[in-house]
Structures are given as C-alpha cells and as structure tokens.
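Structure record follows, encoded as structure tokens.
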Amino acid sequence: MATSRLPPTALTLKQFIQRQKVLGLYRSMLRTIRRVPDAADRQFLQSWAREEFRRNRGATDQDAIRMMITQGNMHLQDLQKTLQLAGS
C-alpha cells in the first residue's frame, strides 16, 4: 500500500485557487490604498483592509468565501474609481 506524500492538511485544487484569489485581492487592495493621497485616510484604509482579512482568516465555507471575494472586489473597484475621479 502506497502512502500519500501530501501532508494531511493539503489544500484541494479549489481551495488552492480560492486562496490565490484572496491573496491577489489583498495585494491589489493594499497597492490601491497606497495611491490614496491623504496619509490619515491611507492609514485608516490599510488598517480596515488588514483587519477585515484578519477577521475572516478562519473562514472555511466555500460559498461564504466566494461571497467575501465578490464583496472585496466591489470595494476595490469603488476605491479605484474614486481615486481615478480624484485624479491621483
């Protein structure tokens, strides 16, 4: 009998892809926040984004995670549009 070489907590392909989407969203969010001109607003948004991701770190329900990714993308698009309108 062959033993699996994968660790017992290995991610499934769907979980891996979802994890990559979350990490990509997090990076994009922080990159976009860096473009905010006001230092106080930038600090507030960075704290907010980090806290939201940290608070939802333990989520395991795939549908809930998908919903959070969608909401995060909507927040990111709103922020990008606002910065574009502000001319930064």
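Order determines the names: the first chain of the structure tokens is A, the second B, and so forth; residues in each chain are numbered 1 upward, and ligands are numbered 1 upward as they are shown.
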
When DSSP works through the backbone of this structure, what residues of chain A end up as helix (DSSP H, G or I), shown as an MDAnalysis selection string? chainID A and resid 13:33 39:55 62:86

Give me, as JSON lines, each residue of segment 25-69 of chain A that comes within 10 Å of segment 9-21 of chain A, together with its shortest interatomic pair and the distance in Å at one decimal, counting only C-alpha atoms, with rows ordered by chain and rising residue number.
```
{"residue": "A:Leu25", "atom": "CA", "partner": "A:Lys21", "partner_atom": "CA", "distance": 6.1}
{"residue": "A:Tyr26", "atom": "CA", "partner": "A:Lys21", "partner_atom": "CA", "distance": 8.6}
{"residue": "A:Arg27", "atom": "CA", "partner": "A:Lys21", "partner_atom": "CA", "distance": 9.9}
{"residue": "A:Thr60", "atom": "CA", "partner": "A:Gln15", "partner_atom": "CA", "distance": 9.2}
{"residue": "A:Gln62", "atom": "CA", "partner": "A:Gln15", "partner_atom": "CA", "distance": 8.0}
{"residue": "A:Ile65", "atom": "CA", "partner": "A:Gln18", "partner_atom": "CA", "distance": 8.0}
{"residue": "A:Arg66", "atom": "CA", "partner": "A:Gln18", "partner_atom": "CA", "distance": 7.8}
{"residue": "A:Ile69", "atom": "CA", "partner": "A:Lys21", "partner_atom": "CA", "distance": 7.7}
```

Suppose we keep N, CA, C and O atoms; can you now write the selection as a PDB file, in the first residue's frame?
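Output saved as again_24.pdb:
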```
ATOM      1  N   LEU A  25      -6.407  39.534  -4.179  1.00  0.00           N
ATOM      2  CA  LEU A  25      -7.291  40.637  -3.793  1.00  0.00           C
ATOM      3  C   LEU A  25      -6.642  41.474  -2.690  1.00  0.00           C
ATOM      4  O   LEU A  25      -6.666  42.705  -2.747  1.00  0.00           O
ATOM      5  N   TYR A  26      -6.052  40.817  -1.714  1.00  0.00           N
ATOM      6  CA  TYR A  26      -5.379  41.512  -0.608  1.00  0.00           C
ATOM      7  C   TYR A  26      -4.245  42.395  -1.136  1.00  0.00           C
ATOM      8  O   TYR A  26      -4.142  43.569  -0.783  1.00  0.00           O
ATOM      9  N   ARG A  27      -3.428  41.831  -2.009  1.00  0.00           N
ATOM     10  CA  ARG A  27      -2.316  42.610  -2.584  1.00  0.00           C
ATOM     11  C   ARG A  27      -2.825  43.798  -3.397  1.00  0.00           C
ATOM     12  O   ARG A  27      -2.299  44.915  -3.296  1.00  0.00           O
ATOM     13  N   THR A  60     -14.091  28.862   6.433  1.00  0.00           N
ATOM     14  CA  THR A  60     -13.882  27.615   5.689  1.00  0.00           C
ATOM     15  C   THR A  60     -15.009  27.314   4.709  1.00  0.00           C
ATOM     16  O   THR A  60     -14.824  26.507   3.807  1.00  0.00           O
ATOM     17  N   GLN A  62     -16.924  27.461   1.575  1.00  0.00           N
ATOM     18  CA  GLN A  62     -16.524  27.894   0.231  1.00  0.00           C
ATOM     19  C   GLN A  62     -17.463  28.969  -0.326  1.00  0.00           C
ATOM     20  O   GLN A  62     -17.014  29.917  -0.967  1.00  0.00           O
ATOM     21  N   ILE A  65     -16.769  32.280   1.436  1.00  0.00           N
ATOM     22  CA  ILE A  65     -15.500  32.846   0.955  1.00  0.00           C
ATOM     23  C   ILE A  65     -15.700  33.469  -0.420  1.00  0.00           C
ATOM     24  O   ILE A  65     -15.212  34.571  -0.698  1.00  0.00           O
ATOM     25  N   ARG A  66     -16.440  32.785  -1.285  1.00  0.00           N
ATOM     26  CA  ARG A  66     -16.711  33.313  -2.627  1.00  0.00           C
ATOM     27  C   ARG A  66     -17.463  34.641  -2.525  1.00  0.00           C
ATOM     28  O   ARG A  66     -17.167  35.595  -3.260  1.00  0.00           O
ATOM     29  N   ILE A  69     -15.053  37.349  -1.415  1.00  0.00           N
ATOM     30  CA  ILE A  69     -14.187  37.753  -2.527  1.00  0.00           C
ATOM     31  C   ILE A  69     -14.931  38.725  -3.440  1.00  0.00           C
ATOM     32  O   ILE A  69     -14.379  39.754  -3.856  1.00  0.00           O
TER      33      ILE A  69
END
```

Hey, can you check how far atom CA of Val36 of chain A sits from atom CA of Leu23 of chain A?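 Atom-to-atom, atom CA of Val36 of chain A and atom CA of Leu23 of chain A are spaced 20.7 Å apart.
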
Given only C-alpha atoms as the basis, pick out the residue of A:Leu85, A:Ala59, A:Leu45, A:Ala64 nearest to Thr32 of chain A.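 Looking only at the distances to Thr32 of chain A, the closest residue turns out to be A:Leu45.
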